[in-house]
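File shown here: data_8.cif, holding mmCIF, C-alpha atoms and all ligand atoms.
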data_work
#
loop_
_atom_site.label_atom_id
_atom_site.label_comp_id
_atom_site.auth_asym_id
_atom_site.auth_seq_id
_atom_site.Cartn_x
_atom_site.Cartn_y
_atom_site.Cartn_z
CA MET A 65 -21.54 50.68 -24.88
CA GLU A 66 -22.70 54.27 -25.46
CA ILE A 67 -21.09 56.81 -23.21
CA THR A 68 -24.23 57.69 -21.26
CA SER A 69 -25.50 54.26 -20.28
CA PHE A 70 -25.37 53.06 -16.69
CA TYR A 71 -24.04 49.66 -15.74
CA ILE A 72 -23.23 47.56 -12.70
CA GLU A 73 -19.54 46.84 -12.43
CA ILE A 74 -18.77 43.62 -10.53
CA SER A 75 -15.38 43.39 -8.90
CA GLU A 76 -14.15 39.80 -9.17
CA LYS A 77 -11.29 40.79 -6.88
CA ASN A 78 -13.60 41.93 -4.08
CA LEU A 79 -15.87 38.90 -4.47
CA ILE A 80 -12.97 36.47 -4.13
CA ASN A 81 -11.45 38.60 -1.37
CA ASN A 82 -14.68 38.30 0.64
CA ILE A 83 -14.88 34.52 0.31
CA ASN A 84 -11.21 34.03 1.11
CA TYR A 85 -11.56 36.37 4.07
CA LEU A 86 -14.46 34.34 5.52
CA LYS A 87 -12.68 31.06 4.85
CA GLU A 88 -9.52 32.18 6.57
CA LYS A 89 -11.20 33.86 9.49
CA TYR A 90 -13.45 30.89 10.33
CA LYS A 91 -11.46 27.99 8.85
CA LYS A 92 -14.53 26.57 7.09
CA SER A 93 -15.65 26.29 3.48
CA VAL A 94 -18.14 28.81 2.14
CA LEU A 95 -21.31 27.72 0.35
CA PRO A 96 -22.14 30.87 -1.63
CA VAL A 97 -25.83 31.77 -1.83
CA ILE A 98 -26.53 33.09 -5.33
CA LYS A 99 -30.35 33.13 -5.33
CA ALA A 100 -32.33 36.13 -6.60
CA ASN A 101 -29.94 36.78 -9.47
CA ALA A 102 -27.02 36.60 -7.01
CA TYR A 103 -28.71 39.27 -4.89
CA GLY A 104 -29.01 41.34 -8.08
CA HIS A 105 -25.34 41.10 -9.05
CA GLY A 106 -26.08 38.75 -11.99
CA ILE A 107 -26.27 35.03 -11.28
CA GLU A 108 -24.33 33.78 -14.31
CA LEU A 109 -21.62 36.34 -13.95
CA ILE A 110 -21.13 35.61 -10.24
CA ALA A 111 -21.29 31.82 -10.73
CA THR A 112 -18.75 31.81 -13.56
CA ALA A 113 -16.41 34.13 -11.64
CA LEU A 114 -16.58 31.85 -8.60
CA TYR A 115 -16.17 28.71 -10.70
CA LYS A 116 -13.11 30.11 -12.45
CA ASN A 117 -11.55 30.71 -9.03
CA GLY A 118 -12.18 27.15 -7.91
CA TYR A 119 -15.47 27.63 -6.04
CA LYS A 120 -17.81 25.09 -7.60
CA GLU A 121 -20.54 24.66 -4.97
CA PHE A 122 -23.46 27.09 -4.95
CA SER A 123 -26.90 27.37 -3.42
CA VAL A 124 -30.12 28.90 -4.76
CA ALA A 125 -33.72 29.11 -3.57
CA ARG A 126 -35.55 27.75 -6.62
CA LEU A 127 -35.01 25.07 -9.22
CA ASN A 128 -35.37 27.53 -12.12
CA GLU A 129 -32.31 29.38 -10.84
CA ALA A 130 -30.27 26.16 -10.99
CA LEU A 131 -31.65 25.27 -14.43
CA LYS A 132 -30.58 28.65 -15.76
CA LEU A 133 -27.02 28.06 -14.57
CA LEU A 134 -26.83 24.56 -16.02
CA LYS A 135 -27.51 25.94 -19.51
CA ASN A 136 -24.00 27.36 -19.28
CA LYS A 137 -21.59 24.65 -20.44
CA GLU A 138 -18.70 26.24 -18.52
CA LEU A 139 -20.40 25.33 -15.25
CA LYS A 140 -20.73 21.63 -16.08
CA LYS A 141 -19.04 20.29 -12.97
CA CYS A 142 -20.67 22.52 -10.36
CA LYS A 143 -22.99 21.42 -7.56
CA ILE A 144 -26.06 23.55 -6.89
CA LEU A 145 -28.14 23.07 -3.76
CA VAL A 146 -31.80 24.10 -4.22
CA PHE A 147 -33.52 25.11 -0.96
CA GLU A 148 -37.15 24.91 -2.04
CA THR A 149 -39.14 21.73 -2.64
CA ILE A 150 -38.97 20.52 -6.22
CA ASP A 151 -42.03 19.55 -8.23
CA GLU A 152 -42.30 15.83 -9.05
CA SER A 153 -42.47 16.59 -12.76
CA TYR A 154 -38.74 17.42 -12.59
CA PHE A 155 -37.64 14.23 -10.84
CA SER A 156 -36.53 12.43 -14.01
CA TYR A 157 -34.53 15.49 -15.09
CA ILE A 158 -32.84 15.61 -11.70
CA LYS A 159 -31.92 11.93 -11.82
CA ASN A 160 -29.94 12.67 -14.98
CA HIS A 161 -28.26 15.84 -13.69
CA ASP A 162 -26.11 15.20 -10.66
CA SER A 163 -25.11 18.87 -10.50
CA ILE A 164 -28.46 19.51 -8.86
CA ILE A 165 -28.76 18.80 -5.14
CA VAL A 166 -32.33 18.81 -3.86
CA THR A 167 -33.63 19.49 -0.37
CA ALA A 168 -35.93 17.11 1.50
CA ASN A 169 -38.13 19.61 3.33
CA SER A 170 -40.08 16.91 5.18
CA PHE A 171 -39.78 13.21 5.98
CA ARG A 172 -42.53 12.50 3.45
CA GLU A 173 -40.57 14.38 0.78
CA LEU A 174 -37.45 12.37 1.55
CA LYS A 175 -39.33 9.09 1.07
CA ASN A 176 -40.87 10.38 -2.13
CA LEU A 177 -37.48 11.38 -3.56
CA VAL A 178 -35.91 8.05 -2.64
CA ASP A 179 -38.93 6.07 -3.92
CA ASN A 180 -38.61 7.89 -7.23
CA GLY A 181 -35.03 6.75 -7.62
CA ILE A 182 -33.21 9.95 -6.73
CA SER A 183 -29.90 9.05 -5.11
CA SER A 184 -29.47 10.16 -1.50
CA LYS A 185 -26.09 11.54 -2.62
CA GLN A 186 -28.17 14.14 -4.46
CA ILE A 187 -30.27 15.01 -1.39
CA GLN A 188 -29.72 17.29 1.58
CA LEU A 189 -31.97 17.02 4.64
CA LYS A 190 -33.37 20.25 6.01
CA ILE A 191 -34.23 20.18 9.72
CA ASP A 192 -37.02 22.44 10.97
CA PHE A 193 -36.96 23.98 14.45
CA GLY A 194 -40.60 24.94 14.67
CA PHE A 195 -40.61 28.09 12.58
CA GLY A 196 -43.28 26.44 10.48
CA ARG A 197 -41.49 27.30 7.27
CA ASN A 198 -40.08 24.08 5.98
CA GLY A 199 -37.86 21.25 7.06
CA ILE A 200 -38.10 17.84 8.66
CA GLU A 201 -39.88 18.18 11.99
CA LEU A 202 -38.33 17.12 15.28
CA LEU A 203 -41.21 14.65 15.77
CA ASP A 204 -39.96 12.71 12.76
CA ILE A 205 -36.31 12.40 13.81
CA LEU A 206 -36.63 8.87 15.29
CA LYS A 207 -38.47 7.64 12.18
CA LEU A 208 -35.84 9.35 10.05
CA LYS A 209 -33.01 7.62 11.89
CA SER A 210 -34.40 4.11 11.39
CA TYR A 211 -35.21 4.92 7.74
CA ILE A 212 -31.63 6.04 7.12
CA VAL A 213 -30.18 3.01 8.90
CA ASN A 214 -32.49 0.49 7.19
CA LYS A 215 -31.76 1.84 3.74
CA ASN A 216 -28.12 2.52 4.54
CA LEU A 217 -28.35 6.04 3.09
CA GLU A 218 -25.56 8.57 2.73
CA PHE A 219 -26.42 12.13 1.86
CA SER A 220 -25.00 15.15 0.11
CA GLY A 221 -25.70 17.02 3.33
CA ILE A 222 -27.85 18.19 6.20
CA TYR A 223 -28.73 21.74 7.15
CA SER A 224 -31.00 24.05 9.04
CA HIS A 225 -31.61 27.80 9.14
CA LEU A 226 -31.45 30.38 11.91
CA TYR A 227 -34.30 32.80 11.36
CA ALA A 228 -34.35 36.12 13.20
CA THR A 229 -33.84 34.74 16.65
CA ASP A 230 -32.31 36.43 19.65
CA PHE A 231 -28.74 35.56 20.53
CA ASN A 232 -29.41 32.86 23.13
CA GLU A 233 -32.15 31.22 21.10
CA GLY A 234 -29.81 31.00 18.11
CA LYS A 235 -27.16 29.38 20.27
CA GLU A 236 -29.67 26.78 21.48
CA LEU A 237 -30.74 25.99 17.91
CA ILE A 238 -27.14 25.43 16.87
CA ASP A 239 -26.66 23.06 19.82
CA LYS A 240 -29.89 21.21 19.01
CA PHE A 241 -28.91 20.90 15.37
CA SER A 242 -25.52 19.55 16.41
CA GLU A 243 -27.20 16.90 18.60
CA ILE A 244 -29.43 15.82 15.71
CA VAL A 245 -26.48 15.55 13.33
CA LEU A 246 -24.54 13.41 15.82
CA PHE A 247 -27.64 11.27 16.50
CA LEU A 248 -28.19 10.62 12.78
CA GLY A 249 -24.48 10.03 12.20
CA LYS A 250 -22.17 12.86 11.19
CA GLU A 251 -20.30 10.61 8.73
CA LYS A 252 -23.46 10.16 6.64
CA PHE A 253 -23.35 13.78 5.47
CA GLN A 254 -20.79 15.35 3.16
CA MET A 255 -21.94 18.86 4.00
CA ILE A 256 -23.23 20.15 7.36
CA HIS A 257 -24.33 23.77 7.65
CA ILE A 258 -26.69 26.02 9.60
CA GLN A 259 -25.36 29.57 9.64
CA ASN A 260 -26.13 32.36 7.21
CA SER A 261 -23.97 35.52 7.22
CA VAL A 262 -25.18 37.07 10.46
CA GLY A 263 -25.20 33.63 12.08
CA ILE A 264 -21.50 33.37 11.28
CA LEU A 265 -20.82 36.81 12.73
CA PHE A 266 -22.74 36.00 15.93
CA TYR A 267 -21.58 32.48 16.66
CA GLY A 268 -18.39 31.94 14.68
CA ALA A 269 -17.71 28.55 13.12
CA GLN A 270 -18.84 25.42 14.94
CA ASP A 271 -16.65 22.33 15.05
CA PHE A 272 -19.29 19.98 13.69
CA MET A 273 -20.17 21.98 10.61
CA THR A 274 -18.37 21.91 7.27
CA HIS A 275 -19.72 25.02 5.53
CA MET A 276 -20.94 28.55 6.14
CA ARG A 277 -23.94 29.33 3.93
CA SER A 278 -23.36 32.96 3.15
CA GLY A 279 -25.21 35.43 0.94
CA ILE A 280 -24.84 39.05 1.96
CA PHE A 281 -21.25 38.78 3.21
CA ILE A 282 -19.83 37.37 -0.02
CA TYR A 283 -21.17 40.48 -1.77
CA GLY A 284 -19.79 42.72 0.97
CA LEU A 285 -23.29 43.78 2.03
CA GLN A 286 -23.60 44.59 5.72
CA GLU A 287 -26.32 46.28 7.71
CA GLU A 288 -25.12 48.95 10.09
CA GLY A 289 -24.03 47.42 13.33
CA PHE A 290 -22.81 44.20 11.70
CA PHE A 291 -19.35 45.10 10.68
CA HIS A 292 -16.57 43.00 9.26
CA GLU A 293 -13.65 45.19 8.20
CA GLY A 294 -12.38 42.61 5.72
CA LEU A 295 -15.48 42.58 3.49
CA LYS A 296 -15.68 44.83 0.45
CA GLN A 297 -18.66 45.92 -1.64
CA VAL A 298 -18.63 43.88 -4.86
CA PHE A 299 -20.77 46.07 -7.12
CA GLN A 300 -20.64 49.65 -8.28
CA LEU A 301 -23.54 51.24 -10.12
CA LYS A 302 -21.81 53.60 -12.51
CA GLY A 303 -22.48 55.85 -15.44
CA LYS A 304 -21.76 59.25 -16.92
CA VAL A 305 -23.23 62.71 -16.82
CA ALA A 306 -25.51 63.06 -19.85
CA GLY A 307 -26.05 66.80 -19.59
CA VAL A 308 -25.68 69.86 -17.38
CA ARG A 309 -28.17 72.70 -17.40
CA ASP A 310 -28.19 76.09 -15.70
CA ILE A 311 -31.13 76.16 -13.32
CA GLU A 312 -32.05 79.77 -14.19
CA GLU A 313 -32.97 78.70 -17.70
CA SER A 314 -35.46 76.01 -16.77
CA LYS A 315 -38.82 76.40 -15.16
CA TYR A 316 -39.46 72.75 -14.45
CA LEU A 317 -37.27 69.88 -13.41
CA ALA A 318 -38.79 66.87 -15.13
CA TYR A 319 -42.44 67.10 -13.97
CA THR A 320 -41.73 69.05 -10.79
CA SER A 321 -42.00 72.83 -10.71
CA LYS A 322 -38.74 74.36 -9.60
CA GLU A 323 -40.48 76.05 -6.69
CA ASP A 324 -41.37 72.67 -5.26
CA LEU A 325 -37.83 71.39 -5.14
CA SER A 326 -36.67 71.22 -1.57
CA ASN A 327 -33.29 72.83 -2.04
CA HIS A 328 -32.29 75.92 -3.99
CA ASP A 329 -28.65 76.30 -3.07
CA TYR A 330 -27.36 74.78 -6.27
CA LYS A 331 -26.73 76.27 -9.61
CA ASN A 332 -26.80 73.47 -12.14
CA ILE A 333 -29.01 70.52 -12.80
CA VAL A 334 -27.15 67.42 -13.85
CA LYS A 335 -29.00 64.80 -15.87
CA ILE A 336 -28.12 61.12 -15.86
CA LYS A 337 -29.77 58.35 -17.85
CA ILE A 338 -31.19 56.03 -15.24
CA GLY A 339 -34.65 56.14 -13.71
CA TYR A 340 -37.33 54.05 -12.08
CA GLY A 341 -37.79 52.22 -15.39
CA ASP A 342 -34.41 50.66 -14.63
CA GLY A 343 -35.45 49.75 -11.10
CA PHE A 344 -33.65 52.74 -9.60
CA LEU A 345 -36.62 53.69 -7.47
CA LYS A 346 -38.10 57.08 -6.65
CA CYS A 347 -37.25 56.59 -2.98
CA ASN A 348 -33.71 57.55 -4.02
CA GLU A 349 -34.84 61.17 -4.34
CA ASN A 350 -32.97 63.19 -1.71
CA SER A 351 -30.28 60.54 -1.34
CA MET A 352 -26.68 61.11 -2.39
CA CYS A 353 -24.48 60.15 -5.30
CA ILE A 354 -20.85 60.78 -6.18
CA ILE A 355 -19.54 62.77 -9.13
CA ASN A 356 -15.78 63.34 -9.45
CA LYS A 357 -15.28 62.11 -5.88
CA LYS A 358 -17.68 64.72 -4.44
CA THR A 359 -21.12 64.06 -2.96
CA TYR A 360 -24.25 65.52 -4.59
CA LYS A 361 -27.95 65.29 -3.88
CA ILE A 362 -30.45 63.53 -6.11
CA LEU A 363 -33.38 65.88 -6.72
CA SER A 364 -35.91 64.20 -8.92
CA MET A 365 -36.49 61.15 -11.07
CA THR A 366 -38.50 59.97 -14.06
CA MET A 367 -38.83 56.66 -15.88
CA ASP A 368 -35.56 57.15 -17.79
CA ASN A 369 -33.70 60.01 -16.13
CA THR A 370 -32.49 61.26 -12.79
CA PHE A 371 -31.67 64.88 -11.96
CA ILE A 372 -28.96 65.89 -9.53
CA ALA A 373 -28.19 69.22 -7.82
CA GLY A 374 -24.83 70.07 -9.33
CA ASP A 375 -22.19 72.77 -9.35
CA ASP A 376 -19.84 74.46 -11.82
CA SER A 377 -17.22 71.72 -11.60
CA ILE A 378 -19.37 69.11 -13.35
CA SER A 379 -19.28 68.54 -17.10
CA GLU A 380 -20.89 66.15 -19.52
CA GLY A 381 -19.16 62.76 -19.51
CA ASP A 382 -17.99 62.92 -15.87
CA GLU A 383 -18.32 59.68 -13.94
CA VAL A 384 -21.30 59.22 -11.62
CA ILE A 385 -21.49 56.58 -8.89
CA LEU A 386 -24.86 55.66 -7.39
CA TYR A 387 -25.20 53.79 -4.09
CA PRO A 388 -21.56 54.61 -3.24
CA ASP A 389 -21.91 53.00 0.18
CA ILE A 390 -24.71 50.47 0.10
CA ASN A 391 -24.39 49.74 3.80
CA LEU A 392 -25.87 53.17 4.57
CA ILE A 393 -28.89 52.57 2.37
CA ARG A 394 -31.43 52.31 5.16
CA ASN A 395 -30.60 55.79 6.45
CA ASN A 396 -30.95 57.34 3.02
CA THR A 397 -33.92 55.52 1.50
CA GLU A 398 -35.41 53.12 4.09
CA MET A 399 -34.65 50.27 1.72
CA HIS A 400 -33.11 47.05 2.99
CA ILE A 401 -29.62 46.36 1.58
CA CYS A 402 -30.82 43.10 0.04
CA GLU A 403 -33.63 44.64 -1.99
CA VAL A 404 -31.65 47.36 -3.76
CA LEU A 405 -29.83 45.43 -6.48
CA PRO A 406 -32.44 42.74 -7.28
CA LEU A 407 -34.70 45.65 -8.25
CA ILE A 408 -32.24 46.93 -10.86
CA ASN A 409 -33.50 45.22 -14.01
CA ASP A 410 -31.79 44.08 -17.19
CA ARG A 411 -31.89 47.52 -18.81
CA ILE A 412 -28.73 47.89 -16.70
CA GLU A 413 -25.95 45.59 -17.83
CA ARG A 414 -23.81 43.70 -15.31
CA VAL A 415 -20.14 43.77 -16.30
CA LEU A 416 -17.26 41.86 -14.71
CA LYS A 417 -14.12 43.82 -13.95
C1 LIG A 501 -31.01 33.45 1.63
C2 LIG A 501 -30.56 32.34 2.46
C3 LIG A 501 -29.27 32.35 3.05
C4 LIG A 501 -28.32 33.50 2.94
O1 LIG A 501 -28.55 34.44 3.96
P1 LIG A 501 -27.62 35.73 4.12
O2 LIG A 501 -28.23 36.45 5.24
O3 LIG A 501 -27.69 36.49 2.84
O4 LIG A 501 -26.24 35.24 4.40
C5 LIG A 501 -28.87 31.21 3.74
N1 LIG A 501 -29.70 30.16 3.87
C6 LIG A 501 -30.95 30.12 3.34
C7 LIG A 501 -31.80 28.92 3.54
C8 LIG A 501 -31.43 31.22 2.63
O5 LIG A 501 -32.66 31.20 2.11
#
Before anything else, please render the file you have as structure tokens.
Ligand SMILES: *Cc1c(COP(=O)(O)O)cnc(C)c1O
Amino acid sequence: MEITSFYIEISEKNLINNINYLKEKYKKSVLPVIKANAYGHGIELIATALYKNGYKEFSVARLNEALKLLKNKELKKCKILVFETIDESYFSYIKNHDSIIVTANSFRELKNLVDNGISSKQIQLKIDFGFGRNGIELLDILKLKSYIVNKNLEFSGIYSHLYATDFNEGKELIDKFSEIVLFLGKEKFQMIHIQNSVGILFYGAQDFMTHMRSGIFIYGLQEEGFFHEGLKQVFQLKGKVAGVRDIEESKYLAYTSKEDLSNHDYKNIVKIKIGYGDGFLKCNENSMCIINKKTYKILSMTMDNTFIAGDDSISEGDEVILYPDINLIRNNTEMHICEVLPLINDRIERVLK
């Protein structure tokens, strides 16, 4: 790796710490959500790190995310739950790959999967509570029950999702889901889960469920106001200073005239080799970064470079950390914590530490 290139360092220690922390605090298994390139951390890297540490169950949104993982021979024995409905053209593939667990997002879909010979042990039922997204509707629960009983089906699991509901509404949904699970027969499902990260924080672990389905928390991502002391940020976006220039000698900073720059109380301009062409967006202008443990302001960005207001203490080759505290991202850039890393593209390598 050349000295000036930026990379995302993934801390295996923090990742495993976060999962163990959740497991111990709530006494339930964690079903890690690794969709969207593991929230930008690198799906293969995160999956293999988890697998190596004994965590072999994952969940993703789309089939192509699961297919990508299964190309990796090391992950042979994993189980990957896919949330979204799978196209019929893949049914024969799925029959031959029991690592893939599909979701029945409606009663009709369940019948179609079973009719096409997909084992119910490879299916999880998704229950919908009227958000109109996807899931088996409450109207179909009686039909579902007699179907399950008649065919004597046992499933990989059953789940639902709490969308942005208020506290009491969420509590009601959990209770309703629990009733449905008991009505259908708890023993028919290997995995029972409803809560995402914030759902866990709000309601704790429920007796009837087996897993917590967590994305943001396993990566140590937390919005302000949702704070678990035991969770640690898993990534660091790091690189080195590529050059330092005295501001008096330059008339323009990238394409911006010096006069237009908001702040003049700095002496040097520090250049680093990352820009919006890497998915480090222009909304990061005026946010902060860290060089040699001190905070500095980002002034201006181009496709390939970013310019920082520096001081005399900075030299070429010094370490630069971007997004030092991701949980403050909304204050600095108005971005949501979940959109920051998926934007960083593959010009920036992900490296396991
Ligand atoms: C993305 C997703 C999650 C994870 O949510 P977090 O808020 O990141 O914990 C859980 N369940 C489903 C169905 C999802 O799509």
For this session: Could you give me the residues within 10 Å of ligand LIG 501 (chain A), counting all atoms listed in the file, as a PyMOL selection string?
Result: chain A and resi 95-100+102-103+123-126+146-148+190+198+223-227+257-264+276-283+285-286+402
Selection from above, C-alpha atoms, as a PDB file, keeping the file's coordinate frame, can you write it?
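Ended up saving to part_27.pdb:
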ATOM      1  CA  LEU A  95     -21.310  27.720   0.350  1.00  0.00           C
ATOM      2  CA  PRO A  96     -22.140  30.870  -1.630  1.00  0.00           C
ATOM      3  CA  VAL A  97     -25.830  31.770  -1.830  1.00  0.00           C
ATOM      4  CA  ILE A  98     -26.530  33.090  -5.330  1.00  0.00           C
ATOM      5  CA  LYS A  99     -30.350  33.130  -5.330  1.00  0.00           C
ATOM      6  CA  ALA A 100     -32.330  36.130  -6.600  1.00  0.00           C
ATOM      7  CA  ALA A 102     -27.020  36.600  -7.010  1.00  0.00           C
ATOM      8  CA  TYR A 103     -28.710  39.270  -4.890  1.00  0.00           C
ATOM      9  CA  SER A 123     -26.900  27.370  -3.420  1.00  0.00           C
ATOM     10  CA  VAL A 124     -30.120  28.900  -4.760  1.00  0.00           C
ATOM     11  CA  ALA A 125     -33.720  29.110  -3.570  1.00  0.00           C
ATOM     12  CA  ARG A 126     -35.550  27.750  -6.620  1.00  0.00           C
ATOM     13  CA  VAL A 146     -31.800  24.100  -4.220  1.00  0.00           C
ATOM     14  CA  PHE A 147     -33.520  25.110  -0.960  1.00  0.00           C
ATOM     15  CA  GLU A 148     -37.150  24.910  -2.040  1.00  0.00           C
ATOM     16  CA  LYS A 190     -33.370  20.250   6.010  1.00  0.00           C
ATOM     17  CA  ASN A 198     -40.080  24.080   5.980  1.00  0.00           C
ATOM     18  CA  TYR A 223     -28.730  21.740   7.150  1.00  0.00           C
ATOM     19  CA  SER A 224     -31.000  24.050   9.040  1.00  0.00           C
ATOM     20  CA  HIS A 225     -31.610  27.800   9.140  1.00  0.00           C
ATOM     21  CA  LEU A 226     -31.450  30.380  11.910  1.00  0.00           C
ATOM     22  CA  TYR A 227     -34.300  32.800  11.360  1.00  0.00           C
ATOM     23  CA  HIS A 257     -24.330  23.770   7.650  1.00  0.00           C
ATOM     24  CA  ILE A 258     -26.690  26.020   9.600  1.00  0.00           C
ATOM     25  CA  GLN A 259     -25.360  29.570   9.640  1.00  0.00           C
ATOM     26  CA  ASN A 260     -26.130  32.360   7.210  1.00  0.00           C
ATOM     27  CA  SER A 261     -23.970  35.520   7.220  1.00  0.00           C
ATOM     28  CA  VAL A 262     -25.180  37.070  10.460  1.00  0.00           C
ATOM     29  CA  GLY A 263     -25.200  33.630  12.080  1.00  0.00           C
ATOM     30  CA  ILE A 264     -21.500  33.370  11.280  1.00  0.00           C
ATOM     31  CA  MET A 276     -20.940  28.550   6.140  1.00  0.00           C
ATOM     32  CA  ARG A 277     -23.940  29.330   3.930  1.00  0.00           C
ATOM     33  CA  SER A 278     -23.360  32.960   3.150  1.00  0.00           C
ATOM     34  CA  GLY A 279     -25.210  35.430   0.940  1.00  0.00           C
ATOM     35  CA  ILE A 280     -24.840  39.050   1.960  1.00  0.00           C
ATOM     36  CA  PHE A 281     -21.250  38.780   3.210  1.00  0.00           C
ATOM     37  CA  ILE A 282     -19.830  37.370  -0.020  1.00  0.00           C
ATOM     38  CA  TYR A 283     -21.170  40.480  -1.770  1.00  0.00           C
ATOM     39  CA  LEU A 285     -23.290  43.780   2.030  1.00  0.00           C
ATOM     40  CA  GLN A 286     -23.600  44.590   5.720  1.00  0.00           C
ATOM     41  CA  CYS A 402     -30.820  43.100   0.040  1.00  0.00           C
TER      42      CYS A 402
END
Could you give me, as a short mmCIF file (atom, residue, chain, number, x, y, z; two decimals) with C-alpha atoms, in the coordinates of the input, the residues within 8 Å of stretch 361-378 of chain A, counting all atoms listed in the file and dropping anything in the same chain fewer than 4 positions from it?
data_model
loop_
_atom_site.label_atom_id
_atom_site.label_comp_id
_atom_site.auth_asym_id
_atom_site.auth_seq_id
_atom_site.Cartn_x
_atom_site.Cartn_y
_atom_site.Cartn_z
CA VAL A 308 -25.68 69.86 -17.38
CA LEU A 317 -37.27 69.88 -13.41
CA ALA A 318 -38.79 66.87 -15.13
CA THR A 320 -41.73 69.05 -10.79
CA LEU A 325 -37.83 71.39 -5.14
CA TYR A 330 -27.36 74.78 -6.27
CA LYS A 331 -26.73 76.27 -9.61
CA ASN A 332 -26.80 73.47 -12.14
CA ILE A 333 -29.01 70.52 -12.80
CA VAL A 334 -27.15 67.42 -13.85
CA LYS A 335 -29.00 64.80 -15.87
CA ILE A 336 -28.12 61.12 -15.86
CA LYS A 337 -29.77 58.35 -17.85
CA ILE A 338 -31.19 56.03 -15.24
CA GLY A 339 -34.65 56.14 -13.71
CA TYR A 340 -37.33 54.05 -12.08
CA GLY A 341 -37.79 52.22 -15.39
CA ASP A 342 -34.41 50.66 -14.63
CA LYS A 346 -38.10 57.08 -6.65
CA ASN A 348 -33.71 57.55 -4.02
CA GLU A 349 -34.84 61.17 -4.34
CA ASN A 350 -32.97 63.19 -1.71
CA SER A 351 -30.28 60.54 -1.34
CA MET A 352 -26.68 61.11 -2.39
CA CYS A 353 -24.48 60.15 -5.30
CA ILE A 355 -19.54 62.77 -9.13
CA ASN A 356 -15.78 63.34 -9.45
CA ASP A 382 -17.99 62.92 -15.87
#
Problem set entry | Residue with smallest distance to A:Ile200 - pool A:Leu134, A:Val178, A:Ala168, A:Ile144, counting only C-alpha atoms | A:Ala168
Exercise. Hey, can you check how far atom CA of A:Lys240 sits from atom CA of A:His275?
Worked result: 17.3 Å
For this session: Please indicate the distance in Å from atom CA of A:Gly268 to atom CA of A:Ile238, rounded to one decimal place.
Result: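 These atoms are spaced 11.1 Å apart.
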Exercise. Interatomic distance between atom CA of A:Thr397 and atom CA of A:Val415?
Worked result: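 Between these atoms lies a distance of 25.4 Å.
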For this session: May I ask which of the residues A:Glu243, A:Glu138, A:Glu76, A:Glu293 is the closest one to A:Leu265, counting all atoms listed in the file?
Result: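 When distances to A:Leu265 are compared using all atoms listed in the file, the smallest one comes from A:Glu293.
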